[in-house]
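Peer 1: Below is the file query_26.txt, with compact mmCIF, N, CA and C atoms.
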# COMPACT_ATOMS: atom_id res chain seq x y z
N MET Y 1 -20.14 23.07 -31.18
CA MET Y 1 -21.03 22.50 -30.20
C MET Y 1 -20.73 21.01 -30.00
N SER Y 2 -20.34 20.34 -31.04
CA SER Y 2 -20.01 18.93 -30.92
C SER Y 2 -18.74 18.73 -30.09
N ALA Y 3 -17.76 19.63 -30.26
CA ALA Y 3 -16.51 19.53 -29.49
C ALA Y 3 -16.79 19.72 -28.01
N HIS Y 4 -17.68 20.65 -27.68
CA HIS Y 4 -18.01 20.87 -26.27
C HIS Y 4 -18.69 19.62 -25.69
N HIS Y 5 -19.56 19.02 -26.46
CA HIS Y 5 -20.24 17.80 -26.00
C HIS Y 5 -19.24 16.67 -25.79
N ASP Y 6 -18.27 16.53 -26.70
CA ASP Y 6 -17.25 15.48 -26.56
C ASP Y 6 -16.39 15.72 -25.32
N GLU Y 7 -16.03 16.98 -25.04
CA GLU Y 7 -15.23 17.28 -23.85
C GLU Y 7 -16.02 16.95 -22.58
N HIS Y 8 -17.29 17.30 -22.58
CA HIS Y 8 -18.11 17.04 -21.41
C HIS Y 8 -18.28 15.54 -21.20
N HIS Y 9 -18.47 14.80 -22.29
CA HIS Y 9 -18.63 13.35 -22.20
C HIS Y 9 -17.33 12.70 -21.70
N ALA Y 10 -16.17 13.16 -22.19
CA ALA Y 10 -14.88 12.60 -21.77
C ALA Y 10 -14.63 12.90 -20.30
N ALA Y 11 -15.01 14.09 -19.85
CA ALA Y 11 -14.81 14.45 -18.44
C ALA Y 11 -15.72 13.63 -17.54
N ALA Y 12 -16.87 13.24 -18.04
CA ALA Y 12 -17.80 12.45 -17.22
C ALA Y 12 -17.28 11.04 -16.98
N GLU Y 13 -16.41 10.53 -17.86
CA GLU Y 13 -15.89 9.18 -17.69
C GLU Y 13 -14.75 9.09 -16.69
N LEU Y 14 -14.14 10.21 -16.36
CA LEU Y 14 -13.03 10.19 -15.42
C LEU Y 14 -13.54 9.85 -14.02
N PRO Y 15 -12.80 9.02 -13.30
CA PRO Y 15 -13.24 8.68 -11.95
C PRO Y 15 -13.12 9.89 -11.03
N HIS Y 16 -14.11 10.08 -10.21
CA HIS Y 16 -14.11 11.19 -9.28
C HIS Y 16 -13.77 10.66 -7.89
N ALA Y 17 -12.74 11.23 -7.31
CA ALA Y 17 -12.33 10.82 -5.97
C ALA Y 17 -12.74 11.90 -4.98
N THR Y 18 -13.13 11.45 -3.83
CA THR Y 18 -13.49 12.38 -2.77
C THR Y 18 -12.36 12.43 -1.76
N LEU Y 19 -12.42 13.41 -0.89
CA LEU Y 19 -11.43 13.51 0.18
C LEU Y 19 -11.49 12.27 1.06
N ARG Y 20 -12.68 11.72 1.23
CA ARG Y 20 -12.86 10.49 2.03
C ARG Y 20 -12.06 9.33 1.42
N ASP Y 21 -12.09 9.19 0.09
CA ASP Y 21 -11.33 8.13 -0.58
C ASP Y 21 -9.83 8.29 -0.33
N TYR Y 22 -9.35 9.53 -0.45
CA TYR Y 22 -7.93 9.76 -0.23
C TYR Y 22 -7.52 9.50 1.22
N VAL Y 23 -8.38 9.87 2.17
CA VAL Y 23 -8.07 9.64 3.58
C VAL Y 23 -8.06 8.14 3.88
N ILE Y 24 -9.03 7.41 3.35
CA ILE Y 24 -9.06 5.96 3.55
C ILE Y 24 -7.80 5.33 2.96
N GLY Y 25 -7.43 5.73 1.75
CA GLY Y 25 -6.22 5.21 1.12
C GLY Y 25 -4.97 5.53 1.93
N PHE Y 26 -4.90 6.76 2.45
CA PHE Y 26 -3.73 7.16 3.24
C PHE Y 26 -3.64 6.36 4.53
N VAL Y 27 -4.76 6.21 5.24
CA VAL Y 27 -4.76 5.46 6.50
C VAL Y 27 -4.38 3.99 6.26
N LEU Y 28 -4.95 3.40 5.22
CA LEU Y 28 -4.59 2.01 4.90
C LEU Y 28 -3.11 1.90 4.54
N SER Y 29 -2.59 2.86 3.80
CA SER Y 29 -1.16 2.83 3.43
C SER Y 29 -0.27 2.93 4.66
N VAL Y 30 -0.64 3.78 5.60
CA VAL Y 30 0.16 3.92 6.82
C VAL Y 30 0.12 2.62 7.62
N ILE Y 31 -1.05 2.03 7.75
CA ILE Y 31 -1.17 0.77 8.50
C ILE Y 31 -0.38 -0.34 7.80
N LEU Y 32 -0.50 -0.41 6.47
CA LEU Y 32 0.18 -1.46 5.72
C LEU Y 32 1.69 -1.25 5.66
N THR Y 33 2.16 -0.07 6.04
CA THR Y 33 3.59 0.18 6.16
C THR Y 33 4.06 -0.06 7.59
N ALA Y 34 3.25 0.34 8.57
CA ALA Y 34 3.64 0.23 9.97
C ALA Y 34 3.74 -1.21 10.44
N ILE Y 35 2.83 -2.07 10.01
CA ILE Y 35 2.85 -3.46 10.46
C ILE Y 35 4.11 -4.19 10.01
N PRO Y 36 4.50 -4.14 8.72
CA PRO Y 36 5.77 -4.78 8.33
C PRO Y 36 6.98 -4.16 9.03
N PHE Y 37 6.95 -2.84 9.24
CA PHE Y 37 8.05 -2.20 9.97
C PHE Y 37 8.14 -2.76 11.38
N TRP Y 38 7.00 -2.90 12.05
CA TRP Y 38 6.98 -3.49 13.40
C TRP Y 38 7.48 -4.93 13.36
N LEU Y 39 7.07 -5.70 12.35
CA LEU Y 39 7.52 -7.09 12.24
C LEU Y 39 9.04 -7.19 12.12
N VAL Y 40 9.64 -6.30 11.37
CA VAL Y 40 11.10 -6.32 11.19
C VAL Y 40 11.80 -5.86 12.46
N MET Y 41 11.25 -4.86 13.13
CA MET Y 41 11.91 -4.33 14.32
C MET Y 41 11.82 -5.27 15.52
N THR Y 42 10.71 -5.97 15.68
CA THR Y 42 10.54 -6.83 16.85
C THR Y 42 10.83 -8.30 16.58
N MET Y 43 10.78 -8.73 15.32
CA MET Y 43 11.04 -10.11 14.89
C MET Y 43 10.24 -11.15 15.71
N PRO Y 44 8.91 -11.02 15.80
CA PRO Y 44 8.14 -12.02 16.54
C PRO Y 44 7.99 -13.34 15.77
N LEU Y 45 8.27 -13.31 14.48
CA LEU Y 45 8.14 -14.50 13.64
C LEU Y 45 9.51 -14.91 13.10
N SER Y 46 9.59 -16.09 12.54
CA SER Y 46 10.84 -16.53 11.93
C SER Y 46 11.12 -15.66 10.70
N PRO Y 47 12.39 -15.58 10.28
CA PRO Y 47 12.73 -14.72 9.13
C PRO Y 47 11.97 -15.09 7.85
N GLY Y 48 11.77 -16.38 7.59
CA GLY Y 48 11.05 -16.78 6.39
C GLY Y 48 9.59 -16.36 6.43
N VAL Y 49 8.95 -16.56 7.57
CA VAL Y 49 7.55 -16.17 7.72
C VAL Y 49 7.42 -14.65 7.65
N THR Y 50 8.36 -13.94 8.27
CA THR Y 50 8.35 -12.48 8.23
C THR Y 50 8.45 -11.99 6.79
N ALA Y 51 9.34 -12.58 6.00
CA ALA Y 51 9.49 -12.17 4.60
C ALA Y 51 8.20 -12.44 3.82
N ALA Y 52 7.58 -13.58 4.06
CA ALA Y 52 6.34 -13.91 3.35
C ALA Y 52 5.22 -12.94 3.74
N VAL Y 53 5.12 -12.61 5.03
CA VAL Y 53 4.08 -11.68 5.49
C VAL Y 53 4.32 -10.30 4.89
N ILE Y 54 5.57 -9.86 4.86
CA ILE Y 54 5.88 -8.55 4.29
C ILE Y 54 5.53 -8.51 2.81
N MET Y 55 5.81 -9.58 2.08
CA MET Y 55 5.43 -9.62 0.66
C MET Y 55 3.92 -9.58 0.50
N GLY Y 56 3.20 -10.25 1.39
CA GLY Y 56 1.74 -10.18 1.34
C GLY Y 56 1.24 -8.75 1.58
N PHE Y 57 1.82 -8.08 2.56
CA PHE Y 57 1.44 -6.69 2.82
C PHE Y 57 1.80 -5.80 1.64
N ALA Y 58 2.90 -6.10 0.96
CA ALA Y 58 3.29 -5.30 -0.21
C ALA Y 58 2.27 -5.43 -1.33
N VAL Y 59 1.77 -6.64 -1.55
CA VAL Y 59 0.75 -6.85 -2.58
C VAL Y 59 -0.52 -6.09 -2.23
N VAL Y 60 -0.93 -6.16 -0.97
CA VAL Y 60 -2.12 -5.44 -0.53
C VAL Y 60 -1.90 -3.93 -0.67
N GLN Y 61 -0.70 -3.47 -0.35
CA GLN Y 61 -0.37 -2.04 -0.49
C GLN Y 61 -0.49 -1.59 -1.95
N ILE Y 62 -0.02 -2.41 -2.87
CA ILE Y 62 -0.13 -2.08 -4.30
C ILE Y 62 -1.60 -1.96 -4.70
N ILE Y 63 -2.41 -2.90 -4.23
CA ILE Y 63 -3.84 -2.88 -4.56
C ILE Y 63 -4.50 -1.63 -3.99
N VAL Y 64 -4.17 -1.28 -2.75
CA VAL Y 64 -4.73 -0.07 -2.13
C VAL Y 64 -4.36 1.16 -2.94
N HIS Y 65 -3.11 1.26 -3.37
CA HIS Y 65 -2.68 2.42 -4.15
C HIS Y 65 -3.41 2.48 -5.50
N MET Y 66 -3.59 1.33 -6.13
CA MET Y 66 -4.26 1.32 -7.43
C MET Y 66 -5.73 1.72 -7.29
N ILE Y 67 -6.37 1.33 -6.23
CA ILE Y 67 -7.79 1.64 -6.06
C ILE Y 67 -7.99 3.07 -5.58
N PHE Y 68 -7.29 3.46 -4.52
CA PHE Y 68 -7.58 4.75 -3.89
C PHE Y 68 -6.82 5.93 -4.49
N PHE Y 69 -5.66 5.71 -5.10
CA PHE Y 69 -4.88 6.83 -5.63
C PHE Y 69 -4.85 6.85 -7.16
N LEU Y 70 -4.80 5.69 -7.80
CA LEU Y 70 -4.81 5.65 -9.26
C LEU Y 70 -6.22 5.48 -9.82
N HIS Y 71 -7.20 5.23 -8.94
CA HIS Y 71 -8.61 5.11 -9.30
C HIS Y 71 -8.84 4.06 -10.38
N MET Y 72 -8.15 2.93 -10.27
CA MET Y 72 -8.33 1.85 -11.23
C MET Y 72 -9.48 0.97 -10.77
N ASN Y 73 -10.46 0.85 -11.63
CA ASN Y 73 -11.58 -0.04 -11.37
C ASN Y 73 -12.13 -0.50 -12.72
N PRO Y 74 -13.01 -1.47 -12.72
CA PRO Y 74 -13.52 -1.98 -14.00
C PRO Y 74 -14.28 -0.95 -14.83
N LYS Y 75 -14.75 0.13 -14.21
CA LYS Y 75 -15.54 1.12 -14.94
C LYS Y 75 -14.70 2.24 -15.55
N SER Y 76 -13.48 2.48 -15.05
CA SER Y 76 -12.68 3.58 -15.57
C SER Y 76 -12.16 3.25 -16.96
N GLU Y 77 -12.31 4.20 -17.86
CA GLU Y 77 -11.89 4.10 -19.25
C GLU Y 77 -12.41 2.84 -19.93
N GLY Y 78 -13.62 2.50 -19.65
CA GLY Y 78 -14.25 1.35 -20.29
C GLY Y 78 -13.63 0.02 -19.91
N GLY Y 79 -12.91 -0.04 -18.80
CA GLY Y 79 -12.29 -1.28 -18.35
C GLY Y 79 -10.90 -1.52 -18.93
N TRP Y 80 -10.41 -0.62 -19.78
CA TRP Y 80 -9.11 -0.85 -20.42
C TRP Y 80 -7.95 -0.71 -19.46
N THR Y 81 -8.06 0.14 -18.45
CA THR Y 81 -6.95 0.25 -17.50
C THR Y 81 -6.79 -1.03 -16.71
N LEU Y 82 -7.90 -1.61 -16.29
CA LEU Y 82 -7.84 -2.88 -15.55
C LEU Y 82 -7.36 -4.01 -16.45
N THR Y 83 -7.82 -4.02 -17.70
CA THR Y 83 -7.39 -5.05 -18.65
C THR Y 83 -5.90 -4.96 -18.91
N SER Y 84 -5.39 -3.74 -19.10
CA SER Y 84 -3.95 -3.59 -19.34
C SER Y 84 -3.14 -3.96 -18.10
N LEU Y 85 -3.68 -3.69 -16.91
CA LEU Y 85 -3.01 -4.08 -15.69
C LEU Y 85 -2.92 -5.60 -15.58
N VAL Y 86 -4.01 -6.30 -15.85
CA VAL Y 86 -4.01 -7.76 -15.78
C VAL Y 86 -3.02 -8.33 -16.80
N PHE Y 87 -3.00 -7.78 -18.01
CA PHE Y 87 -2.06 -8.23 -19.02
C PHE Y 87 -0.62 -8.02 -18.56
N THR Y 88 -0.34 -6.86 -17.98
CA THR Y 88 1.01 -6.55 -17.49
C THR Y 88 1.42 -7.53 -16.39
N ILE Y 89 0.52 -7.83 -15.48
CA ILE Y 89 0.83 -8.77 -14.40
C ILE Y 89 1.12 -10.16 -14.96
N ILE Y 90 0.34 -10.58 -15.94
CA ILE Y 90 0.57 -11.89 -16.56
C ILE Y 90 1.93 -11.94 -17.23
N VAL Y 91 2.28 -10.90 -17.98
CA VAL Y 91 3.58 -10.86 -18.66
C VAL Y 91 4.72 -10.87 -17.65
N ILE Y 92 4.61 -10.09 -16.59
CA ILE Y 92 5.66 -10.05 -15.57
C ILE Y 92 5.79 -11.41 -14.90
N PHE Y 93 4.66 -12.06 -14.59
CA PHE Y 93 4.71 -13.40 -13.98
C PHE Y 93 5.41 -14.39 -14.91
N ILE Y 94 5.07 -14.36 -16.20
CA ILE Y 94 5.71 -15.27 -17.15
C ILE Y 94 7.22 -15.00 -17.23
N MET Y 95 7.60 -13.74 -17.25
CA MET Y 95 9.02 -13.40 -17.32
C MET Y 95 9.77 -13.85 -16.07
N LEU Y 96 9.20 -13.59 -14.90
CA LEU Y 96 9.87 -13.98 -13.66
C LEU Y 96 9.94 -15.49 -13.51
N ALA Y 97 8.82 -16.17 -13.78
CA ALA Y 97 8.80 -17.62 -13.65
C ALA Y 97 9.76 -18.26 -14.66
N GLY Y 98 9.77 -17.77 -15.87
CA GLY Y 98 10.68 -18.29 -16.88
C GLY Y 98 12.13 -18.05 -16.54
N SER Y 99 12.43 -16.87 -16.03
CA SER Y 99 13.82 -16.57 -15.64
C SER Y 99 14.28 -17.47 -14.50
N LEU Y 100 13.42 -17.64 -13.49
CA LEU Y 100 13.79 -18.51 -12.38
C LEU Y 100 13.94 -19.96 -12.83
N TRP Y 101 13.08 -20.40 -13.72
CA TRP Y 101 13.14 -21.77 -14.24
C TRP Y 101 14.45 -21.98 -15.01
N VAL Y 102 14.80 -21.03 -15.87
CA VAL Y 102 16.04 -21.14 -16.65
C VAL Y 102 17.25 -21.12 -15.72
N MET Y 103 17.27 -20.21 -14.74
CA MET Y 103 18.42 -20.14 -13.83
C MET Y 103 18.55 -21.42 -13.00
N HIS Y 104 17.44 -21.96 -12.55
CA HIS Y 104 17.48 -23.20 -11.77
C HIS Y 104 18.05 -24.34 -12.61
N HIS Y 105 17.56 -24.48 -13.83
CA HIS Y 105 18.03 -25.57 -14.67
C HIS Y 105 19.47 -25.36 -15.13
N LEU Y 106 19.87 -24.12 -15.35
CA LEU Y 106 21.29 -23.88 -15.67
C LEU Y 106 22.16 -24.26 -14.48
N ASN Y 107 21.72 -23.93 -13.28
CA ASN Y 107 22.50 -24.25 -12.10
C ASN Y 107 22.61 -25.76 -11.91
N SER Y 108 21.48 -26.46 -12.07
CA SER Y 108 21.51 -27.91 -11.82
C SER Y 108 22.12 -28.70 -12.97
N ASN Y 109 22.03 -28.22 -14.19
CA ASN Y 109 22.54 -28.98 -15.34
C ASN Y 109 23.94 -28.56 -15.78
N MET Y 110 24.36 -27.37 -15.45
CA MET Y 110 25.65 -26.89 -15.95
C MET Y 110 26.73 -26.85 -14.87
N MET Y 111 26.35 -27.12 -13.62
CA MET Y 111 27.32 -27.10 -12.53
C MET Y 111 28.25 -28.30 -12.66
N PRO Y 112 29.55 -28.08 -12.64
CA PRO Y 112 30.47 -29.23 -12.73
C PRO Y 112 30.28 -30.19 -11.57
N GLN Y 113 30.24 -31.46 -11.87
CA GLN Y 113 29.97 -32.48 -10.85
C GLN Y 113 31.11 -32.60 -9.84
N HIS Y 114 32.35 -32.39 -10.27
CA HIS Y 114 33.47 -32.56 -9.35
C HIS Y 114 33.49 -31.47 -8.28
N LEU Y 115 32.95 -30.30 -8.53
CA LEU Y 115 32.89 -29.25 -7.52
C LEU Y 115 31.85 -29.60 -6.44
N GLU Y 116 30.75 -30.22 -6.82
CA GLU Y 116 29.73 -30.60 -5.84
C GLU Y 116 30.22 -31.70 -4.90
N GLN Y 117 31.12 -32.58 -5.37
CA GLN Y 117 31.62 -33.67 -4.55
C GLN Y 117 32.64 -33.15 -3.52
N GLN Y 118 33.32 -32.04 -3.81
CA GLN Y 118 34.34 -31.53 -2.90
C GLN Y 118 33.72 -30.77 -1.73
N VAL Y 119 32.51 -30.28 -1.88
CA VAL Y 119 31.88 -29.52 -0.81
C VAL Y 119 31.44 -30.48 0.29
N PRO Y 120 31.86 -30.23 1.56
CA PRO Y 120 31.52 -31.15 2.65
C PRO Y 120 30.06 -31.13 3.00
Will you turn the file into structure tokens for me?
Peer 2:
Amino acid sequence: MSAHHDEHHAAAELPHATLRDYVIGFVLSVILTAIPFWLVMTMPLSPGVTAAVIMGFAVVQIIVHMIFFLHMNPKSEGGWTLTSLVFTIIVIFIMLAGSLWVMHHLNSNMMPQHLEQQVP
């Protein structure tokens, strides 16, 4: 009887998604894909601005997928899924920022000076 109660309690903690949630997620995903596609095909903005806007749409797309398809919210699994996601994002940011910082300083400090003077 205790095992049945534990199974029922564990099932109650799982997030329940409705068809409405999936449809909203799908429509948002299509819109968030179509707009960057249109931006690339028509090029109404400069290439740098287009790239920045597409990256912004990519971040929003990731958030939409996490909310509507992966059902990540502060209440699921006692908040541990959201906590692990935040930790993962922090670690990835530190790794990327550190790698870019190291590569920049290697380029500026290790580049032979005589090669830079020959470039017109």
Peer 1: To one decimal in Å, tell me the separation between atom N of Phe26 (chain Y) and atom C of Ala52 (chain Y).
Peer 2: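 Interatomic distance here is 22.2 Å.
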Peer 1: Quick one: of Y:Pro44, Y:Leu32, Y:Ile90, Y:Pro74, who's nearest to Ile62 (chain Y), counting only C-alpha atoms?
Peer 2: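 Ranked by minimum distance to Ile62 (chain Y), first place goes to Y:Leu32.
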Peer 1: Point out the residue among Y:Val102, Y:Leu39, Y:Val49, Y:Leu28 with the least atom-to-atom distance to His65 (chain Y), counting all atoms listed in the file.
Peer 2: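 Counting all atoms listed in the file, the residue closest to His65 (chain Y) is Y:Leu28.
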Peer 1: Check the smallest atom-to-atom distance from each of Y:Ser29, Y:Gly98, Y:Glu77, Y:Ile92 to Gln61 (chain Y) using only N, CA and C atoms, then report the winner.
Peer 2: Y:Ser29
Peer 1: Could you pull out the alpha helix (DSSP H) residues of region 26-100 of chain Y from DSSP and send them as a VMD selection string?
Peer 2: chain Y and resid 26 to 42 47 to 68 80 to 100
Peer 1: To one decimal in Å, tell me the separation between atom N of Met103 (chain Y) and CA of Pro47 (chain Y).
Peer 2: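 Atom-to-atom, atom N of Met103 (chain Y) and CA of Pro47 (chain Y) are spaced 24.9 Å apart.
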Peer 1: Kindly output region 86-97 of chain Y as a PDB file, keeping the file's coordinate frame, after building all heavy atoms.
Peer 2:
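Done, and the output landed in out-v8.pdb:
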ATOM      1  N   VAL Y  86      -4.010  -6.300 -15.850  1.00  0.00           N
ATOM      2  CA  VAL Y  86      -4.010  -7.760 -15.780  1.00  0.00           C
ATOM      3  C   VAL Y  86      -3.020  -8.330 -16.800  1.00  0.00           C
ATOM      4  O   VAL Y  86      -2.244  -9.248 -16.489  1.00  0.00           O
ATOM      5  CB  VAL Y  86      -5.437  -8.318 -16.012  1.00  0.00           C
ATOM      6  CG1 VAL Y  86      -5.421  -9.819 -16.208  1.00  0.00           C
ATOM      7  CG2 VAL Y  86      -6.334  -7.935 -14.853  1.00  0.00           C
ATOM      8  N   PHE Y  87      -3.000  -7.780 -18.010  1.00  0.00           N
ATOM      9  CA  PHE Y  87      -2.060  -8.230 -19.020  1.00  0.00           C
ATOM     10  C   PHE Y  87      -0.620  -8.020 -18.560  1.00  0.00           C
ATOM     11  O   PHE Y  87       0.234  -8.895 -18.711  1.00  0.00           O
ATOM     12  CB  PHE Y  87      -2.309  -7.505 -20.343  1.00  0.00           C
ATOM     13  CG  PHE Y  87      -1.334  -7.865 -21.417  1.00  0.00           C
ATOM     14  CD1 PHE Y  87      -1.391  -9.101 -22.045  1.00  0.00           C
ATOM     15  CD2 PHE Y  87      -0.341  -6.973 -21.791  1.00  0.00           C
ATOM     16  CE1 PHE Y  87      -0.482  -9.438 -23.034  1.00  0.00           C
ATOM     17  CE2 PHE Y  87       0.567  -7.302 -22.774  1.00  0.00           C
ATOM     18  CZ  PHE Y  87       0.499  -8.532 -23.393  1.00  0.00           C
ATOM     19  N   THR Y  88      -0.340  -6.860 -17.980  1.00  0.00           N
ATOM     20  CA  THR Y  88       1.010  -6.550 -17.490  1.00  0.00           C
ATOM     21  C   THR Y  88       1.420  -7.530 -16.390  1.00  0.00           C
ATOM     22  O   THR Y  88       2.550  -8.029 -16.383  1.00  0.00           O
ATOM     23  CB  THR Y  88       1.073  -5.106 -16.964  1.00  0.00           C
ATOM     24  OG1 THR Y  88       0.686  -4.223 -18.014  1.00  0.00           O
ATOM     25  CG2 THR Y  88       2.455  -4.753 -16.473  1.00  0.00           C
ATOM     26  N   ILE Y  89       0.520  -7.830 -15.480  1.00  0.00           N
ATOM     27  CA  ILE Y  89       0.830  -8.770 -14.400  1.00  0.00           C
ATOM     28  C   ILE Y  89       1.120 -10.160 -14.960  1.00  0.00           C
ATOM     29  O   ILE Y  89       2.055 -10.836 -14.522  1.00  0.00           O
ATOM     30  CB  ILE Y  89      -0.321  -8.801 -13.371  1.00  0.00           C
ATOM     31  CG1 ILE Y  89      -0.359  -7.488 -12.597  1.00  0.00           C
ATOM     32  CG2 ILE Y  89      -0.188  -9.979 -12.424  1.00  0.00           C
ATOM     33  CD1 ILE Y  89      -1.578  -7.315 -11.719  1.00  0.00           C
ATOM     34  N   ILE Y  90       0.340 -10.580 -15.940  1.00  0.00           N
ATOM     35  CA  ILE Y  90       0.570 -11.890 -16.560  1.00  0.00           C
ATOM     36  C   ILE Y  90       1.930 -11.940 -17.230  1.00  0.00           C
ATOM     37  O   ILE Y  90       2.683 -12.905 -17.074  1.00  0.00           O
ATOM     38  CB  ILE Y  90      -0.568 -12.229 -17.551  1.00  0.00           C
ATOM     39  CG1 ILE Y  90      -1.862 -12.501 -16.787  1.00  0.00           C
ATOM     40  CG2 ILE Y  90      -0.207 -13.421 -18.425  1.00  0.00           C
ATOM     41  CD1 ILE Y  90      -3.096 -12.601 -17.670  1.00  0.00           C
ATOM     42  N   VAL Y  91       2.280 -10.900 -17.980  1.00  0.00           N
ATOM     43  CA  VAL Y  91       3.580 -10.860 -18.660  1.00  0.00           C
ATOM     44  C   VAL Y  91       4.720 -10.870 -17.650  1.00  0.00           C
ATOM     45  O   VAL Y  91       5.712 -11.597 -17.823  1.00  0.00           O
ATOM     46  CB  VAL Y  91       3.664  -9.642 -19.603  1.00  0.00           C
ATOM     47  CG1 VAL Y  91       5.076  -9.431 -20.112  1.00  0.00           C
ATOM     48  CG2 VAL Y  91       2.706  -9.804 -20.769  1.00  0.00           C
ATOM     49  N   ILE Y  92       4.610 -10.090 -16.590  1.00  0.00           N
ATOM     50  CA  ILE Y  92       5.660 -10.050 -15.570  1.00  0.00           C
ATOM     51  C   ILE Y  92       5.790 -11.410 -14.900  1.00  0.00           C
ATOM     52  O   ILE Y  92       6.900 -11.897 -14.659  1.00  0.00           O
ATOM     53  CB  ILE Y  92       5.375  -8.934 -14.536  1.00  0.00           C
ATOM     54  CG1 ILE Y  92       5.604  -7.572 -15.187  1.00  0.00           C
ATOM     55  CG2 ILE Y  92       6.250  -9.089 -13.297  1.00  0.00           C
ATOM     56  CD1 ILE Y  92       5.188  -6.405 -14.328  1.00  0.00           C
ATOM     57  N   PHE Y  93       4.660 -12.060 -14.590  1.00  0.00           N
ATOM     58  CA  PHE Y  93       4.710 -13.400 -13.980  1.00  0.00           C
ATOM     59  C   PHE Y  93       5.410 -14.390 -14.910  1.00  0.00           C
ATOM     60  O   PHE Y  93       6.246 -15.182 -14.461  1.00  0.00           O
ATOM     61  CB  PHE Y  93       3.297 -13.882 -13.642  1.00  0.00           C
ATOM     62  CG  PHE Y  93       3.278 -15.284 -13.121  1.00  0.00           C
ATOM     63  CD1 PHE Y  93       3.649 -15.552 -11.814  1.00  0.00           C
ATOM     64  CD2 PHE Y  93       2.903 -16.338 -13.935  1.00  0.00           C
ATOM     65  CE1 PHE Y  93       3.642 -16.851 -11.322  1.00  0.00           C
ATOM     66  CE2 PHE Y  93       2.891 -17.639 -13.465  1.00  0.00           C
ATOM     67  CZ  PHE Y  93       3.268 -17.892 -12.158  1.00  0.00           C
ATOM     68  N   ILE Y  94       5.070 -14.360 -16.200  1.00  0.00           N
ATOM     69  CA  ILE Y  94       5.710 -15.270 -17.150  1.00  0.00           C
ATOM     70  C   ILE Y  94       7.220 -15.000 -17.230  1.00  0.00           C
ATOM     71  O   ILE Y  94       8.020 -15.940 -17.239  1.00  0.00           O
ATOM     72  CB  ILE Y  94       5.049 -15.147 -18.543  1.00  0.00           C
ATOM     73  CG1 ILE Y  94       3.642 -15.724 -18.503  1.00  0.00           C
ATOM     74  CG2 ILE Y  94       5.883 -15.840 -19.617  1.00  0.00           C
ATOM     75  CD1 ILE Y  94       2.815 -15.440 -19.749  1.00  0.00           C
ATOM     76  N   MET Y  95       7.600 -13.740 -17.250  1.00  0.00           N
ATOM     77  CA  MET Y  95       9.020 -13.400 -17.320  1.00  0.00           C
ATOM     78  C   MET Y  95       9.770 -13.850 -16.070  1.00  0.00           C
ATOM     79  O   MET Y  95      10.853 -14.429 -16.152  1.00  0.00           O
ATOM     80  CB  MET Y  95       9.208 -11.891 -17.531  1.00  0.00           C
ATOM     81  CG  MET Y  95       8.839 -11.439 -18.920  1.00  0.00           C
ATOM     82  SD  MET Y  95       8.875  -9.645 -19.190  1.00  0.00           S
ATOM     83  CE  MET Y  95      10.084  -9.049 -18.080  1.00  0.00           C
ATOM     84  N   LEU Y  96       9.200 -13.590 -14.900  1.00  0.00           N
ATOM     85  CA  LEU Y  96       9.870 -13.980 -13.660  1.00  0.00           C
ATOM     86  C   LEU Y  96       9.940 -15.490 -13.510  1.00  0.00           C
ATOM     87  O   LEU Y  96      10.989 -16.050 -13.170  1.00  0.00           O
ATOM     88  CB  LEU Y  96       9.141 -13.377 -12.454  1.00  0.00           C
ATOM     89  CG  LEU Y  96       9.328 -11.882 -12.239  1.00  0.00           C
ATOM     90  CD1 LEU Y  96       8.443 -11.396 -11.099  1.00  0.00           C
ATOM     91  CD2 LEU Y  96      10.776 -11.552 -11.958  1.00  0.00           C
ATOM     92  N   ALA Y  97       8.820 -16.170 -13.780  1.00  0.00           N
ATOM     93  CA  ALA Y  97       8.800 -17.620 -13.650  1.00  0.00           C
ATOM     94  C   ALA Y  97       9.760 -18.260 -14.660  1.00  0.00           C
ATOM     95  O   ALA Y  97      10.505 -19.188 -14.318  1.00  0.00           O
ATOM     96  CB  ALA Y  97       7.382 -18.158 -13.850  1.00  0.00           C
TER      97      ALA Y  97
END
